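Raw upload10.txt, compact mmCIF, C-alpha atoms:
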```txt
# COMPACT_ATOMS: atom_id res chain seq x y z
CA ASP C 1439 0.00 0.00 0.00
CA ASP C 1440 3.04 2.31 -0.29
CA PRO C 1441 1.76 5.35 -2.28
CA SER C 1442 5.33 6.00 -3.44
CA HIS C 1443 5.39 2.66 -5.24
CA PRO C 1444 5.13 3.36 -9.01
CA ALA C 1445 2.15 1.09 -9.59
CA ALA C 1446 0.27 2.41 -6.54
CA LEU C 1447 1.09 6.01 -7.41
CA GLU C 1448 -0.13 5.54 -10.96
CA ALA C 1449 -3.32 3.85 -9.77
CA LEU C 1450 -4.06 6.72 -7.38
CA ALA C 1451 -3.36 9.24 -10.15
CA ASP C 1452 -5.68 7.36 -12.51
CA LEU C 1453 -8.41 7.33 -9.87
CA ALA C 1454 -8.12 11.07 -9.26
CA TYR C 1455 -8.20 11.66 -13.01
CA ALA C 1456 -11.32 9.52 -13.40
CA ARG C 1457 -13.00 11.52 -10.61
CA LYS C 1458 -11.91 14.79 -12.27
CA ASP C 1459 -10.06 15.75 -9.13
CA TRP C 1460 -7.70 17.77 -11.28
CA THR C 1461 -5.54 19.31 -8.54
CA HIS C 1462 -4.90 15.97 -6.82
CA ALA C 1463 -4.42 14.16 -10.14
CA GLY C 1464 -1.95 16.78 -11.32
CA ALA C 1465 0.12 16.44 -8.16
CA LEU C 1466 0.20 12.64 -8.42
CA TYR C 1467 1.12 12.53 -12.11
CA ALA C 1468 3.87 15.08 -11.45
CA ARG C 1469 5.44 12.66 -8.92
CA LEU C 1470 5.26 9.74 -11.31
CA ASP C 1471 8.53 8.62 -12.95
CA ASP C 1472 7.78 8.01 -16.64
CA ARG C 1473 10.43 5.31 -16.85
CA ARG C 1474 8.71 3.18 -14.19
CA ALA C 1475 5.07 3.82 -15.21
CA ALA C 1476 2.84 1.31 -16.96
CA ARG C 1477 1.65 3.86 -19.52
CA PRO C 1478 3.92 5.02 -22.34
CA ALA C 1479 5.61 8.37 -21.84
CA GLU C 1480 3.52 10.03 -24.59
CA ALA C 1481 0.26 8.88 -22.93
CA LEU C 1482 1.39 10.31 -19.59
CA ALA C 1483 2.36 13.60 -21.22
CA LEU C 1484 -1.05 13.77 -22.90
CA ARG C 1485 -2.80 13.19 -19.60
CA ARG C 1486 -0.71 15.84 -17.87
CA GLY C 1487 -1.70 18.23 -20.63
CA GLU C 1488 -5.39 17.45 -20.16
CA ILE C 1489 -5.12 18.08 -16.42
CA ALA C 1490 -3.22 21.34 -16.86
CA GLU C 1491 -5.77 22.53 -19.41
CA ALA C 1492 -8.64 21.65 -17.06
CA LEU C 1493 -6.92 23.73 -14.36
CA GLY C 1494 -6.56 26.69 -16.75
CA ARG C 1495 -2.77 26.39 -16.95
CA ASP C 1496 -2.46 26.73 -20.71
CA ASP C 1497 1.31 27.23 -20.82
CA ALA C 1498 1.88 23.98 -18.93
CA ALA C 1499 -0.79 22.24 -21.01
CA LEU C 1500 0.81 23.36 -24.27
CA ALA C 1501 4.23 22.14 -23.12
CA ALA C 1502 2.81 18.77 -22.07
CA TYR C 1503 0.87 18.29 -25.30
CA ALA C 1504 3.94 19.23 -27.35
CA THR C 1505 5.94 16.64 -25.39
CA ALA C 1506 3.30 14.01 -26.07
CA ALA C 1507 3.44 14.74 -29.79
CA ARG C 1508 7.24 14.79 -29.88
CA VAL C 1509 7.76 11.62 -27.83
CA GLY C 1510 5.07 9.73 -29.68
CA ALA C 1511 6.31 10.92 -33.09
CA LEU C 1512 4.02 9.88 -35.95
CA SER C 1513 3.42 6.29 -34.95
CA ALA C 1514 1.88 6.56 -31.47
CA PRO C 1515 -1.92 6.38 -31.23
CA THR C 1516 -1.91 9.38 -28.89
CA THR C 1517 -0.21 11.68 -31.43
CA PRO C 1518 -3.36 12.94 -33.22
CA ALA C 1519 -4.99 13.88 -29.91
CA ALA C 1520 -1.79 15.60 -28.78
CA LEU C 1521 -1.42 17.58 -32.01
CA THR C 1522 -5.10 18.54 -31.97
CA ALA C 1523 -4.67 19.78 -28.41
CA VAL C 1524 -1.59 21.81 -29.39
CA VAL C 1525 -3.64 23.51 -32.10
CA ARG C 1526 -6.50 24.21 -29.68
CA VAL C 1527 -4.41 25.56 -26.82
CA GLY C 1528 -2.02 27.38 -29.14
CA LEU C 1529 -4.93 29.22 -30.75
CA ARG C 1530 -6.41 30.11 -27.39
CA GLY C 1531 -3.10 31.65 -26.38
CA GLY C 1532 -2.67 33.46 -29.68
CA ASN C 1533 0.33 31.33 -30.66
CA LEU C 1534 -0.55 30.87 -34.33
CA GLU C 1535 2.89 29.67 -35.36
CA VAL C 1536 2.76 26.75 -32.94
CA ALA C 1537 -0.82 25.97 -33.98
CA ILE C 1538 0.12 25.98 -37.67
CA ASP C 1539 3.13 23.70 -37.13
CA ALA C 1540 0.95 21.24 -35.21
CA SER C 1541 -1.76 21.41 -37.86
CA ARG C 1542 0.80 20.63 -40.59
CA ALA C 1543 2.11 17.68 -38.58
CA LEU C 1544 -1.42 16.40 -38.07
CA LEU C 1545 -2.10 16.64 -41.80
CA ASP C 1546 1.10 14.70 -42.59
CA ARG C 1547 0.00 11.88 -40.31
CA LEU C 1548 -3.35 11.23 -42.00
CA ALA C 1549 -3.84 8.17 -44.17
CA PRO C 1550 -3.75 9.08 -47.89
CA ASP C 1551 -7.11 7.42 -48.52
CA ASP C 1552 -8.90 9.27 -45.70
CA VAL C 1553 -10.19 12.03 -48.00
CA ALA C 1554 -12.69 13.49 -45.54
CA ALA C 1555 -10.13 13.83 -42.76
CA ILE C 1556 -7.54 15.28 -45.13
CA SER C 1557 -10.01 17.88 -46.42
CA ALA C 1558 -10.98 18.87 -42.88
CA ALA C 1559 -7.33 19.18 -41.86
CA ARG C 1560 -6.49 21.24 -44.94
CA LEU C 1561 -9.45 23.51 -44.27
CA GLU C 1562 -8.33 24.07 -40.69
CA LEU C 1563 -4.76 24.72 -41.82
CA ALA C 1564 -5.96 27.19 -44.46
CA ASP C 1565 -8.01 29.03 -41.83
CA LEU C 1566 -4.95 29.21 -39.57
CA CYS C 1567 -2.74 30.54 -42.38
CA GLN C 1568 -5.32 33.18 -43.19
CA ARG C 1569 -5.46 34.27 -39.55
CA ALA C 1570 -1.67 34.39 -39.45
CA GLY C 1571 -1.57 36.78 -42.41
CA ASP C 1572 -0.24 34.25 -44.91
CA PRO C 1573 -2.77 34.49 -47.78
CA VAL C 1574 -0.60 32.59 -50.26
CA SER C 1575 -0.48 29.48 -48.07
CA ALA C 1576 -4.17 29.91 -47.20
CA ILE C 1577 -5.12 29.98 -50.88
CA TYR C 1578 -2.95 26.92 -51.53
CA PHE C 1579 -4.68 24.82 -48.86
CA TYR C 1580 -8.18 26.09 -49.70
CA GLU C 1581 -7.62 25.14 -53.33
CA LEU C 1582 -6.46 21.69 -52.22
CA VAL C 1583 -9.74 21.35 -50.31
CA LEU C 1584 -11.68 22.22 -53.48
CA SER C 1585 -9.66 19.73 -55.51
CA GLU C 1586 -11.29 16.99 -53.44
CA SER C 1587 -14.55 18.74 -52.51
CA PRO C 1588 -15.46 21.30 -55.22
CA HIS C 1589 -18.56 22.43 -53.31
CA ALA C 1590 -16.91 23.04 -49.93
CA LEU C 1591 -18.66 26.27 -48.94
CA GLY C 1592 -16.15 27.33 -46.28
CA ALA C 1593 -13.27 27.13 -48.74
CA LEU C 1594 -15.25 28.86 -51.50
CA ARG C 1595 -16.26 31.77 -49.26
CA ALA C 1596 -12.73 32.26 -48.01
CA LEU C 1597 -11.23 32.04 -51.50
CA SER C 1598 -13.70 34.58 -52.84
CA ARG C 1599 -12.39 37.11 -50.32
CA LEU C 1600 -8.74 36.16 -50.70
CA TYR C 1601 -8.81 36.32 -54.50
CA VAL C 1602 -10.13 39.89 -54.28
CA GLU C 1603 -7.42 40.82 -51.78
CA ARG C 1604 -4.74 39.36 -54.08
CA GLY C 1605 -6.17 41.07 -57.17
CA ASN C 1606 -7.17 37.82 -58.88
CA HIS C 1607 -10.54 39.14 -60.01
CA ALA C 1608 -11.25 36.45 -62.59
CA ALA C 1609 -10.87 33.75 -59.93
CA ALA C 1610 -12.97 35.79 -57.50
CA VAL C 1611 -15.80 36.07 -60.03
CA ARG C 1612 -15.60 32.35 -60.83
CA THR C 1613 -15.73 31.45 -57.14
CA GLN C 1614 -18.63 33.82 -56.47
CA ARG C 1615 -20.58 32.29 -59.35
CA THR C 1616 -20.05 28.84 -57.85
CA LEU C 1617 -21.41 30.08 -54.53
CA ILE C 1618 -24.46 31.50 -56.34
CA MET C 1619 -25.05 28.16 -58.02
CA LEU C 1620 -24.89 26.40 -54.64
CA ALA C 1621 -27.23 28.83 -52.84
CA THR C 1622 -30.18 27.03 -51.29
CA SER C 1623 -32.71 29.88 -51.05
CA PRO C 1624 -33.75 32.89 -53.17
CA SER C 1625 -32.72 35.37 -50.48
CA GLN C 1626 -29.29 33.76 -50.16
CA ARG C 1627 -28.85 33.77 -53.93
CA ALA C 1628 -29.91 37.43 -54.05
CA GLU C 1629 -27.30 38.40 -51.47
CA LEU C 1630 -24.59 36.53 -53.37
CA LEU C 1631 -25.65 38.17 -56.64
CA HIS C 1632 -25.41 41.54 -54.93
CA GLN C 1633 -21.88 40.66 -53.82
CA LEU C 1634 -21.06 39.67 -57.41
CA GLY C 1635 -22.36 43.03 -58.59
CA GLU C 1636 -20.17 44.82 -56.05
CA LEU C 1637 -17.21 42.78 -57.27
CA TYR C 1638 -17.85 43.76 -60.89
CA LEU C 1639 -18.37 47.38 -59.90
CA ALA C 1640 -15.53 47.97 -57.44
CA GLU C 1641 -12.86 45.53 -58.56
CA VAL C 1642 -13.45 44.59 -62.21
CA GLY C 1643 -14.70 48.03 -63.20
CA ASP C 1644 -17.55 46.78 -65.39
CA PRO C 1645 -20.78 48.63 -64.47
CA GLU C 1646 -22.82 46.77 -67.10
CA LEU C 1647 -22.00 43.35 -65.69
CA ALA C 1648 -22.58 44.80 -62.22
CA ALA C 1649 -26.03 46.04 -63.26
CA ASP C 1650 -26.87 42.62 -64.70
CA ALA C 1651 -26.04 40.99 -61.36
CA PHE C 1652 -27.99 43.63 -59.43
CA LEU C 1653 -31.05 43.15 -61.65
CA LYS C 1654 -30.98 39.40 -61.13
CA ALA C 1655 -30.65 39.97 -57.38
CA ILE C 1656 -33.63 42.34 -57.23
CA ASP C 1657 -35.77 39.86 -59.16
CA LEU C 1658 -35.18 37.39 -56.35
CA GLU C 1659 -35.37 39.85 -53.46
CA PRO C 1660 -37.30 42.99 -54.47
CA ALA C 1661 -36.85 44.61 -51.06
CA HIS C 1662 -33.05 44.28 -50.90
CA ILE C 1663 -32.11 47.88 -50.03
CA PRO C 1664 -28.39 47.85 -50.99
CA THR C 1665 -29.27 46.44 -54.42
CA LEU C 1666 -32.00 49.06 -54.95
CA ARG C 1667 -29.45 51.77 -54.20
CA ARG C 1668 -26.99 50.33 -56.70
CA LEU C 1669 -29.71 50.17 -59.36
CA LEU C 1670 -30.60 53.78 -58.62
CA GLU C 1671 -26.97 54.72 -59.37
CA TYR C 1672 -26.99 52.65 -62.55
CA TYR C 1673 -30.19 54.17 -63.97
CA LEU C 1674 -28.89 57.64 -63.17
CA ARG C 1675 -25.73 56.86 -65.09
CA VAL C 1676 -27.63 55.69 -68.20
CA GLU C 1677 -30.15 58.55 -67.80
CA ASP C 1678 -33.18 56.28 -67.61
CA PHE C 1679 -35.19 58.70 -65.49
CA ASP C 1680 -38.38 56.60 -65.57
CA ALA C 1681 -36.46 53.76 -63.94
CA VAL C 1682 -34.83 56.24 -61.54
CA LEU C 1683 -38.27 57.36 -60.35
CA GLU C 1684 -39.44 53.76 -60.00
CA ILE C 1685 -36.43 52.72 -57.91
CA ALA C 1686 -36.55 55.93 -55.87
CA GLY C 1687 -40.21 55.20 -55.17
CA GLU C 1688 -39.34 51.70 -53.95
CA LEU C 1689 -36.75 53.19 -51.59
CA VAL C 1690 -39.19 55.85 -50.37
CA GLU C 1691 -41.74 53.14 -49.55
CA ARG C 1692 -39.10 51.45 -47.41
CA ASP C 1693 -37.97 54.73 -45.83
CA ALA C 1694 -34.52 54.11 -47.31
CA LEU C 1695 -34.01 56.87 -49.91
CA LEU C 1696 -33.26 59.85 -47.68
CA ASP C 1697 -30.38 58.18 -45.94
CA GLU C 1698 -26.64 58.78 -45.80
CA ALA C 1699 -26.17 55.25 -47.11
CA THR C 1700 -27.72 56.33 -50.42
CA GLY C 1701 -24.92 58.83 -50.88
CA SER C 1702 -25.09 62.59 -51.34
CA ALA C 1703 -24.00 62.48 -55.00
CA THR C 1704 -26.68 59.90 -55.81
CA LEU C 1705 -29.34 61.86 -53.97
CA GLY C 1706 -28.32 65.08 -55.71
CA ALA C 1707 -28.56 63.41 -59.10
CA THR C 1708 -31.90 61.86 -58.14
CA MET C 1709 -33.17 65.29 -57.13
CA LEU C 1710 -32.29 66.64 -60.59
CA ALA C 1711 -33.76 63.61 -62.35
CA ALA C 1712 -37.00 63.99 -60.41
CA ALA C 1713 -37.16 67.71 -61.22
CA CYS C 1714 -36.54 67.02 -64.90
CA SER C 1715 -39.38 64.47 -64.82
CA ALA C 1716 -41.78 66.91 -63.18
CA ALA C 1717 -41.72 64.82 -59.98
CA MET C 1718 -41.34 67.98 -57.94
CA ASN C 1719 -42.63 66.48 -54.70
CA LEU C 1720 -39.81 63.95 -54.75
CA ALA C 1721 -37.23 66.56 -55.81
CA GLY C 1722 -38.46 68.92 -53.10
CA SER C 1723 -38.29 66.26 -50.40
CA ILE C 1724 -34.65 65.57 -51.29
CA ALA C 1725 -33.82 69.30 -51.33
CA THR C 1726 -35.46 69.68 -47.93
CA TRP C 1727 -33.52 66.70 -46.58
CA PHE C 1728 -30.25 68.30 -47.72
CA GLY C 1729 -31.14 71.42 -45.75
CA GLU C 1730 -28.40 74.05 -45.88
CA GLU C 1731 -26.38 71.83 -48.19
CA ASN C 1732 -29.02 71.74 -50.92
CA ALA C 1733 -27.42 74.56 -52.94
CA GLN C 1734 -24.01 72.85 -52.91
CA ARG C 1735 -25.56 69.52 -53.85
CA THR C 1736 -27.54 71.15 -56.66
CA ALA C 1737 -24.41 72.82 -58.04
CA THR C 1738 -22.43 69.57 -57.87
CA ALA C 1739 -25.21 67.59 -59.57
CA LEU C 1740 -25.48 70.16 -62.39
CA LEU C 1741 -21.72 70.11 -62.86
CA GLU C 1742 -21.72 66.31 -63.11
CA LEU C 1743 -24.57 66.37 -65.62
CA SER C 1744 -22.74 68.98 -67.75
CA ARG C 1745 -19.86 66.52 -68.24
CA ARG C 1746 -22.13 64.24 -70.27
CA ASP C 1747 -22.70 64.62 -73.97
CA ASN C 1748 -26.39 65.41 -73.68
CA ARG C 1749 -27.04 69.10 -74.21
CA SER C 1750 -30.83 68.83 -74.28
CA MET C 1751 -30.85 66.98 -70.96
CA PHE C 1752 -28.58 69.63 -69.44
CA GLU C 1753 -30.85 72.45 -70.63
CA LEU C 1754 -33.86 70.63 -69.21
CA ALA C 1755 -32.03 70.28 -65.88
CA ILE C 1756 -31.33 74.04 -65.80
CA GLU C 1757 -35.00 74.82 -66.32
CA ALA C 1758 -36.10 72.23 -63.77
CA THR C 1759 -33.62 73.62 -61.23
CA THR C 1760 -35.09 77.12 -61.52
CA GLU C 1761 -38.53 75.67 -60.89
CA LEU C 1762 -37.23 73.75 -57.90
CA MET C 1763 -35.79 76.99 -56.52
CA GLU C 1764 -39.29 78.40 -56.30
CA ARG C 1765 -40.56 75.61 -54.05
CA PRO C 1766 -40.45 75.78 -50.23
CA GLY C 1767 -37.25 74.16 -49.02
CA GLY C 1768 -35.68 74.31 -52.48
CA PRO C 1769 -32.19 75.75 -53.13
CA ARG C 1770 -31.89 79.56 -53.31
CA LEU C 1771 -30.57 81.12 -56.49
CA ASP C 1772 -27.88 83.17 -54.78
CA ALA C 1773 -26.67 80.13 -52.81
CA VAL C 1774 -26.45 77.96 -55.96
CA ILE C 1775 -24.54 80.73 -57.79
CA ALA C 1776 -22.16 81.05 -54.83
CA ALA C 1777 -21.60 77.28 -54.82
CA LEU C 1778 -20.88 77.28 -58.56
CA ASP C 1779 -18.45 80.20 -58.14
CA GLY C 1780 -16.65 78.13 -55.52
CA LEU C 1781 -16.35 75.22 -57.93
CA ALA C 1782 -15.21 77.36 -60.86
CA THR C 1783 -11.53 77.42 -59.86
CA ALA C 1784 -11.19 73.70 -60.40
CA GLU C 1785 -14.04 73.37 -62.92
CA PRO C 1786 -14.26 76.32 -65.37
CA ARG C 1787 -17.56 75.02 -66.77
CA ALA C 1788 -19.13 75.88 -63.41
CA THR C 1789 -19.06 79.52 -64.57
CA GLU C 1790 -21.03 78.60 -67.68
CA ILE C 1791 -23.60 76.80 -65.53
CA ALA C 1792 -23.93 79.86 -63.29
CA VAL C 1793 -24.58 82.04 -66.36
CA ALA C 1794 -27.20 79.56 -67.61
CA ILE C 1795 -28.89 79.44 -64.21
CA ARG C 1796 -29.03 83.22 -63.97
CA ALA C 1797 -30.47 83.48 -67.48
CA ALA C 1798 -33.09 80.79 -66.83
CA ALA C 1799 -34.06 82.38 -63.51
CA GLY C 1800 -34.35 85.74 -65.23
CA ASP C 1801 -36.53 84.31 -67.96
CA ALA C 1802 -38.73 82.63 -65.36
CA ALA C 1803 -39.06 85.91 -63.45
CA ALA C 1804 -39.85 87.80 -66.65
CA GLY C 1805 -42.48 85.26 -67.57
CA SER C 1806 -44.02 85.54 -64.13
CA ASP C 1807 -44.10 89.36 -64.39
CA GLY C 1808 -45.67 89.09 -67.83
CA HIS C 1809 -48.54 87.14 -66.36
```

Now, as a test, write the supplied structure out as C-alpha cells.
Amino acid sequence: DDPSHPAALEALADLAYARKDWTHAGALYARLDDRRAARPAEALALRRGEIAEALGRDDAALAAYATAARVGALSAPTTPAALTAVVRVGLRGGNLEVAIDASRALLDRLAPDDVAAISAARLELADLCQRAGDPVSAIYFYELVLSESPHALGALRALSRLYVERGNHAAAVRTQRTLIMLATSPSQRAELLHQLGELYLAEVGDPELAADAFLKAIDLEPAHIPTLRRLLEYYLRVEDFDAVLEIAGELVERDALLDEATGSATLGATMLAAACSAAMNLAGSIATWFGEENAQRTATALLELSRRDNRSMFELAIEATTELMERPGGPRLDAVIAALDGLATAEPRATEIAVAIRAAAGDAAAGSDGH
C-alpha cells in the first residue's frame, strides 16, 4: 500500500483523473517517474496536458501536449490527440505559429485514402494561415480542399475574399458564381448576386455586368435595399429617369431613400432627375432633406450632368432647377450661384452653368411678371 510505489502512485493518479479531481491528479502525475510507469511516456504527457488545461494552466498544457506529440512521433496512437490539443491551446493563447506547425504535422500523419479527414485538416490549416496573415499558403490549402470537394462552402467563401485581396478578379468572379449556383434559397442567392455586382463594380470596373447581377438579385429579393441603391446609381448613369423614379419610389416606400447610405451624389442626381421628370414632390423632399447643403448639392449635380454629352438633358435640368428653386425648401438662387463660383476654380464650366442658371431664372421671373 506504499503510495510511493510506481504502480500504486499511478493507480491513485488514474483514480483522481477519473473523478476529475484535477488538482490531486496533477500532483500525483507530477510525482510519477515516466520510466517506471505502466503507460507510455507520450500517454502520460497527454494526460498531464489534459489536467493542466482543465486547471486553466495553458502554458503547462501546451508544453505537455507538445511533449506528447514529440515523444510519440508519428506512430503513437496518442499523437493525433496531442497535435489537436496543441492547435486548440495554441490558438487560445494566440500562438498561431505553434498551432500551424501542429496542424501541418497532423495533416502529414493522416492516411492518404482518408479524404474526408484530409479535407478537414487542410481547411483548418488554411483558416490558420489566413489568420496568421499568410494568404498565399491559405489559398494553396483552400484550393487543395476544393480539388477533393469542389462544393466546400467554407473554402469557396474564403477564396472569394482572398482572391479579391490578391487582385485575382477572374478567380474571384468564378468562385462567387459557384457560390451563387450552390445557394439554397432565393434570399441567399440574391445576397450573393449583390456581392457579385459589387465585385464587378468595385474591382473589375464593369458597371454593365454589375447592373446585370444587381437586376438578377432584385428579381429574387425585391426589397433588398443595398441592391436598390446600386440600381438607382446605374439608372442615373444611363439617364433612364423613368427607372430612376421607379427605384426611388421603392426606396421611399421602405424609408430608405433619404439616408446617408444612399450617398449625397446619388441623392443630388436623383433630385435633378426627379425635377426634370416633373416629380417635384420627390425633388423637393430631397432638397429639404439636404437642408443648408441643398445649394451645394444642386451645383455639384449640375456640374456632373454637364460633363455628359447630352445638351438637351442639361438644358432641361437648368430649367427644372429654376422651378425647384421656387418651391419651399428648395435651393436659393444666390446660394447655388455662390456654390458654382466656388467650384469654378477647379471646374471652369461651373461659370457657364452659373450664367445659364441666372439666365433661366431671369426668364422665369420675366415670364411671371408678364402674367

Item to complete: Using all atoms listed in the file, find the one residue out of C:Leu1781, C:Ala1608, C:Leu1563, C:Ala1703 that sits nearest to C:Val1525.
Response: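 For C:Val1525, the nearest of the candidates is C:Leu1563.
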
Worksheet item: Hey, can you check how far atom CA of C:Arg1486 sits from atom CA of C:Leu1529?
Response: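 Between atom CA of C:Arg1486 and atom CA of C:Leu1529 the gap works out to 19.0 Å.
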
Worksheet item: What does the distance between atom CA of C:Ala1475 and atom CA of C:Arg1547 come to in Å, to one decimal place?
Response: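 Computed distance, atom CA of C:Ala1475 to atom CA of C:Arg1547, equals 26.8 Å.
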
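For C:Tyr1601, the set of protein, DNA and RNA residues having any atom at most 8 Å away, when counting all atoms listed in the file and skipping those fewer than 6 positions along the same chain, is His1607, Ala1609 and Ala1610 of chain C.
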
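Between C:Ala1498 and the candidates C:Val1524, C:Ala1445, C:Leu1639, C:Ala1570, the tightest atom-to-atom separation, counting only C-alpha atoms, involves C:Val1524.
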
Discussion item. Need to verify the contact set: C:Gly1532, 12 Å, only C-alpha atoms, exclusion of same-chain residues closer than 5 positions in sequence. Can you return it as a list in words?
Written reply: Asp1496, Asp1497, Leu1500, Val1524, Val1525, Arg1526, Val1527, Ala1537, Ile1538, Leu1566, Arg1569 and Ala1570 of chain C

Leaving out C:Arg1787 and any residue of its chain fewer than 2 positions from it, which residues lie within 12 Å of it when counting only C-alpha atoms, given as a CSV table (one decimal) with C-alpha atoms, in the frame of the given file?
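Heads up, here's the output in around.csv:
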```
chain,number,residue,atom,x,y,z
C,1737,ALA,CA,-24.4,72.8,-58.0
C,1738,THR,CA,-22.4,69.6,-57.9
C,1740,LEU,CA,-25.5,70.2,-62.4
C,1741,LEU,CA,-21.7,70.1,-62.9
C,1742,GLU,CA,-21.7,66.3,-63.1
C,1743,LEU,CA,-24.6,66.4,-65.6
C,1744,SER,CA,-22.7,69.0,-67.8
C,1745,ARG,CA,-19.9,66.5,-68.2
C,1778,LEU,CA,-20.9,77.3,-58.6
C,1779,ASP,CA,-18.4,80.2,-58.1
C,1780,GLY,CA,-16.6,78.1,-55.5
C,1781,LEU,CA,-16.4,75.2,-57.9
C,1782,ALA,CA,-15.2,77.4,-60.9
C,1783,THR,CA,-11.5,77.4,-59.9
C,1784,ALA,CA,-11.2,73.7,-60.4
C,1785,GLU,CA,-14.0,73.4,-62.9
C,1789,THR,CA,-19.1,79.5,-64.6
C,1790,GLU,CA,-21.0,78.6,-67.7
C,1791,ILE,CA,-23.6,76.8,-65.5
C,1792,ALA,CA,-23.9,79.9,-63.3
C,1793,VAL,CA,-24.6,82.0,-66.4
C,1794,ALA,CA,-27.2,79.6,-67.6
```

Discussion item. Calculated over all atoms listed in the file, which of the candidates C:Arg1599, C:Arg1627, C:Arg1667, C:Arg1560 has the smallest distance to C:Tyr1580?
Written reply: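 Closest candidate: C:Arg1560.
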
Worksheet item: atom CA of C:Glu1684 to atom CA of C:Ala1651: how many Å, to one decimal?
Response: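 It comes out at 18.6 Å.
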